[in-house]
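Colleague: Contents of protein08.pdb (PDB, C-alpha atoms, pLDDT in the B column) are given next:
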MODEL        1
ATOM      1  CA  GLN A   1      30.061 -12.675  -7.956  1.00 93.00           C
ATOM      2  CA  ILE A   2      30.415  -8.997  -8.916  1.00 94.00           C
ATOM      3  CA  ARG A   3      31.140  -9.843 -12.560  1.00 94.00           C
ATOM      4  CA  LYS A   4      28.069 -12.063 -12.697  1.00 94.00           C
ATOM      5  CA  ARG A   5      25.865  -9.309 -11.220  1.00 92.00           C
ATOM      6  CA  LEU A   6      27.212  -6.692 -13.628  1.00 93.00           C
ATOM      7  CA  VAL A   7      26.433  -8.925 -16.600  1.00 94.00           C
ATOM      8  CA  GLU A   8      22.928  -9.525 -15.232  1.00 92.00           C
ATOM      9  CA  GLN A   9      22.382  -5.760 -14.962  1.00 89.00           C
ATOM     10  CA  ILE A  10      23.302  -5.277 -18.601  1.00 92.00           C
ATOM     11  CA  VAL A  11      21.388  -8.185 -20.160  1.00 94.00           C
ATOM     12  CA  SER A  12      18.321  -8.389 -17.906  1.00 93.00           C
ATOM     13  CA  PRO A  13      15.107  -6.626 -18.883  1.00 91.00           C
ATOM     14  CA  VAL A  14      14.170  -3.364 -17.216  1.00 89.00           C
ATOM     15  CA  ARG A  15      11.020  -3.786 -15.138  1.00 91.00           C
ATOM     16  CA  TRP A  16      10.015  -0.109 -15.186  1.00 91.00           C
ATOM     17  CA  VAL A  17       6.297  -0.570 -15.905  1.00 94.00           C
ATOM     18  CA  GLU A  18       5.973  -3.330 -13.335  1.00 95.00           C
ATOM     19  CA  CYS A  19       7.718  -1.230 -10.676  1.00 94.00           C
ATOM     20  CA  MET A  20       5.657   1.897 -11.401  1.00 95.00           C
ATOM     21  CA  LYS A  21       2.387  -0.054 -11.315  1.00 95.00           C
ATOM     22  CA  ALA A  22       3.417  -1.533  -7.956  1.00 96.00           C
ATOM     23  CA  LEU A  23       4.031   1.972  -6.574  1.00 96.00           C
ATOM     24  CA  ILE A  24       0.678   3.173  -7.927  1.00 95.00           C
ATOM     25  CA  THR A  25      -1.039   0.172  -6.329  1.00 95.00           C
ATOM     26  CA  ARG A  26       0.570   1.189  -3.044  1.00 96.00           C
ATOM     27  CA  ARG A  27      -0.954   4.654  -3.534  1.00 93.00           C
ATOM     28  CA  ALA A  28       2.169   6.680  -4.319  1.00 93.00           C
ATOM     29  CA  ALA A  29       0.903  10.259  -4.455  1.00 88.00           C
ATOM     30  CA  CYS A  30       3.505  11.830  -6.742  1.00 93.00           C
ATOM     31  CA  PHE A  31       6.496  10.918  -8.896  1.00 95.00           C
ATOM     32  CA  VAL A  32       9.473  13.232  -9.395  1.00 94.00           C
ATOM     33  CA  GLU A  33      11.848  12.846 -12.333  1.00 94.00           C
ATOM     34  CA  VAL A  34      15.274  14.054 -11.251  1.00 93.00           C
ATOM     35  CA  GLY A  35      17.675  15.098 -13.988  1.00 91.00           C
ATOM     36  CA  PRO A  36      17.376  16.589 -17.465  1.00 91.00           C
ATOM     37  CA  GLY A  37      14.513  15.677 -19.751  1.00 88.00           C
ATOM     38  CA  SER A  38      11.062  14.289 -19.164  1.00 88.00           C
ATOM     39  CA  VAL A  39      11.128  10.828 -20.745  1.00 91.00           C
ATOM     40  CA  LEU A  40      10.169   9.067 -17.533  1.00 90.00           C
ATOM     41  CA  ARG A  41       7.283  11.495 -16.918  1.00 91.00           C
ATOM     42  CA  GLY A  42       6.000  10.681 -20.394  1.00 92.00           C
ATOM     43  CA  LEU A  43       6.228   6.968 -19.735  1.00 93.00           C
ATOM     44  CA  MET A  44       4.391   7.409 -16.458  1.00 93.00           C
ATOM     45  CA  ARG A  45       1.559   9.295 -18.176  1.00 91.00           C
ATOM     46  CA  LYS A  46       1.139   6.313 -20.521  1.00 94.00           C
ATOM     47  CA  ILE A  47       1.105   3.867 -17.609  1.00 94.00           C
ATOM     48  CA  GLU A  48      -1.305   5.901 -15.452  1.00 94.00           C
ATOM     49  CA  PRO A  49      -2.517   9.154 -17.037  1.00 93.00           C
ATOM     50  CA  GLY A  50      -3.957  10.623 -13.828  1.00 90.00           C
ATOM     51  CA  VAL A  51      -0.894  10.261 -11.632  1.00 92.00           C
ATOM     52  CA  ARG A  52       0.892  13.447 -10.549  1.00 92.00           C
ATOM     53  CA  THR A  53       4.400  13.858 -11.942  1.00 93.00           C
ATOM     54  CA  LEU A  54       6.967  16.621 -11.479  1.00 93.00           C
ATOM     55  CA  SER A  55      10.326  17.433 -13.061  1.00 92.00           C
ATOM     56  CA  ALA A  56      13.487  18.418 -11.235  1.00 93.00           C
ATOM     57  CA  GLY A  57      15.969  18.874 -14.037  1.00 92.00           C
ATOM     58  CA  ARG A  58      16.633  22.588 -13.822  1.00 93.00           C
ATOM     59  CA  LEU A  59      17.489  24.739 -10.825  1.00 94.00           C
ATOM     60  CA  GLU A  60      14.130  26.557 -10.997  1.00 94.00           C
ATOM     61  CA  GLU A  61      12.255  23.247 -10.868  1.00 93.00           C
ATOM     62  CA  ILE A  62      14.344  21.977  -7.978  1.00 93.00           C
ATOM     63  CA  GLU A  63      13.710  25.183  -6.036  1.00 94.00           C
ATOM     64  CA  LYS A  64       9.936  24.787  -6.552  1.00 93.00           C
ATOM     65  CA  LEU A  65       9.830  21.187  -5.320  1.00 92.00           C
ATOM     66  CA  PRO A  66       9.240  21.899  -1.610  1.00 93.00           C
ATOM     67  CA  SER A  67       6.151  23.984  -2.344  1.00 92.00           C
ATOM     68  CA  GLU A  68       4.949  21.573  -5.063  1.00 91.00           C
ATOM     69  CA  LEU A  69       5.257  18.627  -2.674  1.00 90.00           C
ATOM     70  CA  LYS A  70       3.762  20.405   0.342  1.00 89.00           C
ATOM     71  CA  GLY A  71       0.585  18.711   1.482  1.00 79.00           C
ATOM     72  CA  ILE A  72       1.085  15.524  -0.517  1.00 82.00           C
ATOM     73  CA  SER A  73       0.564  12.446   1.593  1.00 65.00           C
TER      74      SER A  73
ENDMDL
END
Please, can you express the file's structure as structure tokens?

Modeller:
Amino acid sequence: QIRKRLVEQIVSPVRWVECMKALITRRAACFVEVGPGSVLRGLMRKIEPGVRTLSAGRLEEIEKLPSELKGIS
């Protein structure tokens, strides 16, 4: 069963756009990309340009997150 699931993970399509649109439909207020780079933030801007996105790839960005996220509901 594990081998079958691992193969499925490798060969199955990624459903990123579908998942992000579902979260937007459910009124997600903000998306945070954790880790280096900003590829996912760029993809999100193409999916829904007005949605709020933040990065948390560097220590300074991670330290700012609590204040950036304060008041988001």

Colleague: Might I get the box with edges along x, y and z of the file that holds all atoms of region 4-20 of chain A listed there, padded by 6 Å on every side, given as centre and edge lengths in Å to one decimal, as JSON?

Modeller:
{"center_x": 16.9, "center_y": -5.1, "center_z": -15.4, "size_x": 34.4, "size_y": 26.0, "size_z": 21.5}

Colleague: Which residues fall under the PyMOL selection byres ((chain A and resi 41) around 12) in this file, as a VMD selection string?

Modeller: chain A and resid 20 30 to 40 42 to 57

Colleague: May I ask for the distance between CA of Arg3 (chain A) and CA of Trp16 (chain A), given in Å to one decimal place?

Modeller: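 It comes out at 23.4 Å.
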
Colleague: Figure out the distance between CA of Val17 (chain A) and CA of Lys4 (chain A), please, to one decimal in Å.

Modeller: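 Separating CA of Lys4 (chain A) from CA of Val17 (chain A) is a distance of 24.8 Å.
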
Colleague: Quick one: distance from CA of Ala29 (chain A) to CA of Ile72 (chain A) in Å, one decimal?

Modeller: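 According to the coordinates, CA of Ala29 (chain A) and CA of Ile72 (chain A) are separated by 6.6 Å.
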